[in-house]
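Shown next: my_file.pdb, given as PDB, C-alpha atoms.
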ATOM      1  CA  MET A   1       0.000   0.000   0.000
ATOM      2  CA  LYS A   2       1.250   3.481  -0.849
ATOM      3  CA  THR A   3       2.098   5.797   2.014
ATOM      4  CA  LEU A   4       0.471   9.130   2.777
ATOM      5  CA  VAL A   5       3.406  10.942   1.186
ATOM      6  CA  ASP A   6       3.242   8.722  -1.913
ATOM      7  CA  HIS A   7      -0.434   9.508  -2.453
ATOM      8  CA  LEU A   8      -0.140  13.221  -1.713
ATOM      9  CA  ALA A   9       2.983  13.663  -3.848
ATOM     10  CA  GLN A  10       1.434  11.855  -6.815
ATOM     11  CA  TYR A  11      -1.677  14.042  -6.539
ATOM     12  CA  ALA A  12       0.365  17.197  -5.894
ATOM     13  CA  ALA A  13       2.339  16.664  -9.105
ATOM     14  CA  TYR A  14      -0.878  17.608 -10.958
ATOM     15  CA  HIS A  15      -1.476  20.586  -8.657
ATOM     16  CA  ARG A  16       1.477  22.963  -8.429
ATOM     17  CA  ASP A  17      -0.210  26.172  -9.609
ATOM     18  CA  ARG A  18      -1.492  28.032  -6.548
ATOM     19  CA  ARG A  19      -4.664  29.114  -8.366
ATOM     20  CA  ASN A  20      -5.475  25.484  -9.065
ATOM     21  CA  ILE A  21      -4.886  24.583  -5.434
ATOM     22  CA  ALA A  22      -7.139  27.483  -4.375
ATOM     23  CA  SER A  23      -9.881  26.249  -6.709
ATOM     24  CA  HIS A  24      -9.666  22.862  -5.006
ATOM     25  CA  PHE A  25     -10.436  24.457  -1.632
ATOM     26  CA  ILE A  26     -13.846  25.360  -3.053
ATOM     27  CA  GLY A  27     -14.571  22.728  -5.694
ATOM     28  CA  ILE A  28     -13.602  19.546  -3.864
ATOM     29  CA  PRO A  29     -15.695  20.190  -0.730
ATOM     30  CA  MET A  30     -18.644  20.965  -3.018
ATOM     31  CA  ILE A  31     -18.156  17.698  -4.902
ATOM     32  CA  VAL A  32     -17.741  15.628  -1.725
ATOM     33  CA  LEU A  33     -20.907  17.136  -0.277
ATOM     34  CA  ALA A  34     -22.725  16.575  -3.583
ATOM     35  CA  VAL A  35     -21.783  12.887  -3.630
ATOM     36  CA  ALA A  36     -22.941  12.533  -0.016
ATOM     37  CA  VAL A  37     -26.230  14.235  -0.873
ATOM     38  CA  LEU A  38     -26.866  12.187  -3.997
ATOM     39  CA  LEU A  39     -26.004   8.917  -2.219
ATOM     40  CA  SER A  40     -28.222   9.733   0.769
ATOM     41  CA  ARG A  41     -31.271   8.295  -0.976
ATOM     42  CA  PRO A  42     -32.569   5.736  -0.518
ATOM     43  CA  GLY A  43     -32.082   5.796   3.224
ATOM     44  CA  PHE A  44     -33.730   5.167   6.555
ATOM     45  CA  ALA A  45     -33.450   6.406  10.120
ATOM     46  CA  MET A  46     -32.048   4.020  12.722
ATOM     47  CA  ALA A  47     -31.014   4.935  16.264
ATOM     48  CA  GLY A  48     -31.096   8.603  15.345
ATOM     49  CA  LEU A  49     -28.821   8.170  12.308
ATOM     50  CA  TRP A  50     -29.708   8.369   8.628
ATOM     51  CA  LEU A  51     -28.342   5.235   6.964
ATOM     52  CA  ALA A  52     -27.906   5.295   3.202
ATOM     53  CA  PRO A  53     -25.343   4.313   0.561
ATOM     54  CA  ALA A  54     -23.477   7.521   1.469
ATOM     55  CA  THR A  55     -22.881   6.077   4.950
ATOM     56  CA  LEU A  56     -21.082   3.048   3.542
ATOM     57  CA  VAL A  57     -18.983   5.176   1.167
ATOM     58  CA  ALA A  58     -18.023   7.513   4.030
ATOM     59  CA  LEU A  59     -17.102   4.615   6.330
ATOM     60  CA  VAL A  60     -14.907   2.944   3.695
ATOM     61  CA  SER A  61     -13.273   6.290   2.873
ATOM     62  CA  ALA A  62     -12.649   7.094   6.533
ATOM     63  CA  TRP A  63     -11.103   3.650   7.042
ATOM     64  CA  PHE A  64      -8.773   4.276   4.064
ATOM     65  CA  TYR A  65      -7.747   7.714   5.383
ATOM     66  CA  LEU A  66      -7.180   6.338   8.895
ATOM     67  CA  ARG A  67      -4.922   3.618   7.519
ATOM     68  CA  LEU A  68      -2.845   6.259   5.746
ATOM     69  CA  ASP A  69      -2.502   8.616   8.714
ATOM     70  CA  THR A  70      -4.273   8.726  12.065
ATOM     71  CA  ARG A  71      -4.421  12.512  12.456
ATOM     72  CA  PHE A  72      -5.548  13.273   8.922
ATOM     73  CA  GLY A  73      -7.819  10.235   9.045
ATOM     74  CA  LEU A  74      -9.622  11.465  12.157
ATOM     75  CA  LEU A  75     -10.108  14.895  10.616
ATOM     76  CA  MET A  76     -11.358  13.378   7.356
ATOM     77  CA  ALA A  77     -13.767  11.132   9.285
ATOM     78  CA  ALA A  78     -15.150  14.171  11.121
ATOM     79  CA  LEU A  79     -15.544  16.117   7.882
ATOM     80  CA  LEU A  80     -17.240  13.164   6.198
ATOM     81  CA  GLY A  81     -19.554  12.901   9.206
ATOM     82  CA  LEU A  82     -20.451  16.568   8.766
ATOM     83  CA  CYS A  83     -21.194  15.942   5.082
ATOM     84  CA  LEU A  84     -23.411  12.983   6.020
ATOM     85  CA  TRP A  85     -25.305  15.137   8.512
ATOM     86  CA  VAL A  86     -25.995  17.863   5.911
ATOM     87  CA  ALA A  87     -26.811  15.244   3.272
ATOM     88  CA  ALA A  88     -29.280  13.471   5.582
ATOM     89  CA  GLY A  89     -31.195  16.703   6.039
ATOM     90  CA  LEU A  90     -31.395  17.229   2.292
ATOM     91  CA  ALA A  91     -32.278  13.579   1.641
ATOM     92  CA  GLN A  92     -35.298  13.902   3.910
ATOM     93  CA  ALA A  93     -36.451  17.095   2.168
ATOM     94  CA  SER A  94     -38.432  17.223  -1.053
ATOM     95  CA  THR A  95     -37.091  15.351  -4.052
ATOM     96  CA  THR A  96     -36.692  18.649  -5.903
ATOM     97  CA  LEU A  97     -34.558  20.190  -3.149
ATOM     98  CA  TRP A  98     -32.499  17.011  -2.637
ATOM     99  CA  LEU A  99     -31.802  16.509  -6.341
ATOM    100  CA  SER A 100     -31.209  20.157  -7.221
ATOM    101  CA  ALA A 101     -28.811  20.593  -4.275
ATOM    102  CA  GLY A 102     -26.895  17.425  -5.142
ATOM    103  CA  ILE A 103     -26.654  18.049  -8.875
ATOM    104  CA  GLY A 104     -26.043  21.777  -8.435
ATOM    105  CA  LEU A 105     -23.165  21.258  -6.014
ATOM    106  CA  PHE A 106     -21.697  18.545  -8.227
ATOM    107  CA  VAL A 107     -21.788  20.570 -11.451
ATOM    108  CA  VAL A 108     -20.566  23.845  -9.940
ATOM    109  CA  GLY A 109     -17.829  22.000  -8.018
ATOM    110  CA  TRP A 110     -16.528  20.386 -11.201
ATOM    111  CA  VAL A 111     -16.664  23.657 -13.146
ATOM    112  CA  ILE A 112     -14.492  25.239 -10.446
ATOM    113  CA  GLN A 113     -12.114  22.270 -10.651
ATOM    114  CA  PHE A 114     -11.748  22.568 -14.411
ATOM    115  CA  VAL A 115     -11.114  26.316 -14.155
ATOM    116  CA  GLY A 116      -8.281  25.521 -11.744
ATOM    117  CA  HIS A 117      -6.850  22.961 -14.130
ATOM    118  CA  TYR A 118      -7.024  25.518 -16.939
ATOM    119  CA  TYR A 119      -4.542  27.600 -14.925
ATOM    120  CA  GLU A 120      -2.520  24.494 -14.139
ATOM    121  CA  GLY A 121      -2.299  23.605 -17.812
ATOM    122  CA  ARG A 122      -2.654  19.945 -16.905
ATOM    123  CA  LYS A 123      -5.478  17.424 -16.744
ATOM    124  CA  PRO A 124      -6.914  16.369 -13.376
ATOM    125  CA  ALA A 125      -5.045  13.598 -11.536
ATOM    126  CA  PHE A 126      -7.986  11.169 -11.609
ATOM    127  CA  VAL A 127      -7.707  10.929 -15.412
ATOM    128  CA  ASP A 128      -4.486   8.926 -14.979
ATOM    129  CA  ASP A 129      -5.341   7.288 -11.654
ATOM    130  CA  VAL A 130      -8.895   6.936 -10.359
ATOM    131  CA  MET A 131      -7.512   7.044  -6.792
ATOM    132  CA  GLY A 132      -7.194  10.787  -7.378
ATOM    133  CA  LEU A 133     -10.928  10.990  -6.654
ATOM    134  CA  VAL A 134     -10.282   9.648  -3.142
ATOM    135  CA  ILE A 135      -7.016  11.520  -2.552
ATOM    136  CA  GLY A 136      -8.395  14.917  -3.678
ATOM    137  CA  PRO A 137     -10.303  15.613  -0.443
ATOM    138  CA  LEU A 138      -7.299  14.513   1.622
ATOM    139  CA  PHE A 139      -5.068  16.776  -0.477
ATOM    140  CA  VAL A 140      -7.270  19.774   0.384
ATOM    141  CA  VAL A 141      -7.112  18.959   4.105
ATOM    142  CA  ALA A 142      -3.339  18.452   3.908
ATOM    143  CA  GLU A 143      -2.844  21.731   2.021
ATOM    144  CA  LEU A 144      -4.896  23.544   4.657
ATOM    145  CA  ALA A 145      -2.753  21.969   7.383
ATOM    146  CA  PHE A 146       0.380  23.084   5.535
ATOM    147  CA  LEU A 147      -0.958  26.651   5.242
ATOM    148  CA  LEU A 148      -1.559  26.625   9.008
ATOM    149  CA  GLY A 149       2.050  25.543   9.592
ATOM    150  CA  LEU A 150       1.095  21.989  10.599
ATOM    151  CA  ARG A 151       2.588  18.685   9.442
ATOM    152  CA  LYS A 152       5.712  20.363   8.028
ATOM    153  CA  GLU A 153       7.486  17.012   7.705
ATOM    154  CA  ILE A 154       4.770  15.778   5.349
ATOM    155  CA  GLU A 155       4.761  19.050   3.415
ATOM    156  CA  HIS A 156       8.532  18.943   2.925
ATOM    157  CA  ALA A 157       8.421  15.331   1.744
ATOM    158  CA  VAL A 158       5.626  16.123  -0.750
ATOM    159  CA  VAL A 159       7.403  19.225  -2.099
ATOM    160  CA  GLU A 160      10.646  17.299  -2.424
ATOM    161  CA  ILE A 161       8.895  14.835  -4.744
ATOM    162  CA  ALA A 162       6.323  17.034  -6.534
ATOM    163  CA  GLY A 163       8.211  20.335  -6.562
ATOM    164  CA  PRO A 164       7.254  23.754  -5.229
ATOM    165  CA  THR A 165       4.016  25.566  -5.979
ATOM    166  CA  CYS A 166       4.016  28.507  -8.382
ATOM    167  CA  ILE A 167       1.854  30.729 -10.558
ATOM    168  CA  ARG A 168       2.178  29.470 -14.118
ATOM    169  CA  GLU A 169       2.344  32.074 -16.848
ATOM    170  CA  LYS A 170       0.099  31.565 -19.856
ATOM    171  CA  LYS A 171       1.956  30.585 -23.013
ATOM    172  CA  ALA A 172       1.687  33.082 -25.851
ATOM    173  CA  LEU A 173      -0.355  31.958 -28.841
ATOM    174  CA  ALA A 174       1.727  31.460 -32.004
TER
END
Could you show the structure in this file as structure tokens?
Amino acid sequence: MKTLVDHLAQYAAYHRDRRNIASHFIGIPMIVLAVAVLLSRPGFAMAGLWLAPATLVALVSAWFYLRLDTRFGLLMAALLGLCLWVAAGLAQASTTLWLSAGIGLFVVGWVIQFVGHYYEGRKPAFVDDVMGLVIGPLFVVAELAFLLGLRKEIEHAVVEIAGPTCIREKKALA
């Protein structure tokens, strides 16, 4: 199994432009929430919890993140739990609200992602490795930790492999 640094560095190699990284801070949470919303039907209440396909996806994802790194895994599990809570509320609302919220978040989130990759000048990581869809949310959490001055040892290891971030200049048209 790849390590935390392996996964983050592979993903980071596709995300070195700071504008692209910034777009991920908005787009990826929207997409994660959208998936939770859309997978929250069908569902049922049990012991005060809303159980749906989203619950299983969140549990498997949290287990994966915890195996990679305990601290990031606990934070990811909490964030996924928050997404499930919001999604459960929308799943129990009208079909129109549930579906429009889920699809709207999904579409707008992906538009933001593709704008970021326009600046990057490179395709999204998941095109070459579907694991990029799972690592993307962890990448956002890790980048936030790095901005806050946390987990410097992980940040240094990732930058050593993927290179520093930058602002890419647009190439002139011939």
The PyMOL selection byres ((chain A and resi 20-29) around 8) applied to the shown file, residues as number ranges by chain: A: 15-19, 30-33, 108-113, 115-117, 119-120, 136-137, 140
Contact residues around A:Pro164 with only C-alpha atoms at 12 Å, ignoring same-chain residues under 4 positions, as a PyMOL selection string: chain A and resi 9+12-18+155-160+168
What would the selection look like, as a PDB file with C-alpha atoms, keeping the file's coordinate frame, if the PyMOL selection byres ((chain A and resi 41) around 12) were run on the coordinates I just shared?
ATOM      1  CA  VAL A  35     -21.783  12.887  -3.630  1.00  0.00           C
ATOM      2  CA  ALA A  36     -22.941  12.533  -0.016  1.00  0.00           C
ATOM      3  CA  VAL A  37     -26.230  14.235  -0.873  1.00  0.00           C
ATOM      4  CA  LEU A  38     -26.866  12.187  -3.997  1.00  0.00           C
ATOM      5  CA  LEU A  39     -26.004   8.917  -2.219  1.00  0.00           C
ATOM      6  CA  SER A  40     -28.222   9.733   0.769  1.00  0.00           C
ATOM      7  CA  PRO A  42     -32.569   5.736  -0.518  1.00  0.00           C
ATOM      8  CA  GLY A  43     -32.082   5.796   3.224  1.00  0.00           C
ATOM      9  CA  PHE A  44     -33.730   5.167   6.555  1.00  0.00           C
ATOM     10  CA  ALA A  45     -33.450   6.406  10.120  1.00  0.00           C
ATOM     11  CA  TRP A  50     -29.708   8.369   8.628  1.00  0.00           C
ATOM     12  CA  LEU A  51     -28.342   5.235   6.964  1.00  0.00           C
ATOM     13  CA  ALA A  52     -27.906   5.295   3.202  1.00  0.00           C
ATOM     14  CA  PRO A  53     -25.343   4.313   0.561  1.00  0.00           C
ATOM     15  CA  ALA A  54     -23.477   7.521   1.469  1.00  0.00           C
ATOM     16  CA  THR A  55     -22.881   6.077   4.950  1.00  0.00           C
ATOM     17  CA  LEU A  84     -23.411  12.983   6.020  1.00  0.00           C
ATOM     18  CA  ALA A  87     -26.811  15.244   3.272  1.00  0.00           C
ATOM     19  CA  ALA A  88     -29.280  13.471   5.582  1.00  0.00           C
ATOM     20  CA  GLY A  89     -31.195  16.703   6.039  1.00  0.00           C
ATOM     21  CA  LEU A  90     -31.395  17.229   2.292  1.00  0.00           C
ATOM     22  CA  ALA A  91     -32.278  13.579   1.641  1.00  0.00           C
ATOM     23  CA  GLN A  92     -35.298  13.902   3.910  1.00  0.00           C
ATOM     24  CA  ALA A  93     -36.451  17.095   2.168  1.00  0.00           C
ATOM     25  CA  SER A  94     -38.432  17.223  -1.053  1.00  0.00           C
ATOM     26  CA  THR A  95     -37.091  15.351  -4.052  1.00  0.00           C
ATOM     27  CA  TRP A  98     -32.499  17.011  -2.637  1.00  0.00           C
ATOM     28  CA  LEU A  99     -31.802  16.509  -6.341  1.00  0.00           C
ATOM     29  CA  GLY A 102     -26.895  17.425  -5.142  1.00  0.00           C
TER      30      GLY A 102
END
For A:Ala58, the nearest of the candidates A:Met46, A:Met76, A:Leu8, A:Leu144, counting only C-alpha atoms: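 The shortest atom-to-atom distance to A:Ala58 comes from A:Met76.
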Atom CA of A:Ala62 to atom CA of A:Ala77, distance in Å rounded to a single decimal: 5.0 Å
Coordinates-based distance that separates atom CA of A:Leu150 from atom CA of A:Met131 (Å, one decimal):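 One can read the atom CA of A:Met131 to atom CA of A:Leu150 distance as 24.5 Å.
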Distance of atom CA of A:Gly73 from atom CA of A:Leu147, expressed in Å to one decimal place: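 So the two atoms, atom CA of A:Leu147 and atom CA of A:Gly73, lie 18.2 Å apart.
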Residue nearest A:Leu68 - candidates A:Ala47, A:Val5, A:Leu56, A:Cys83, atoms counted: all atoms listed in the file: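 Checking each of A:Ala47, A:Val5, A:Leu56, A:Cys83 against A:Leu68, counting all atoms listed in the file, the winner is A:Val5.
Here the question is which of A:Cys166, A:Leu105, A:Val130, A:Leu4 gets nearest to A:Tyr65 using all atoms listed in the file, and that residue is A:Leu4.
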Box for stretch 25-38 of chain A - axis-aligned, 6 Å on each of the six sides, all listed atoms - centre and size in Å to one decimal, as lines of an AutoDock Vina configuration file.
center_x = -18.7
center_y = 18.8
center_z = -2.9
size_x = 28.4
size_y = 25.2
size_z = 17.7
Nearest-residue call for A:Gly132, choices A:Ser61, A:Thr96, A:Gln10, A:Thr165, using only C-alpha atoms: A:Gln10
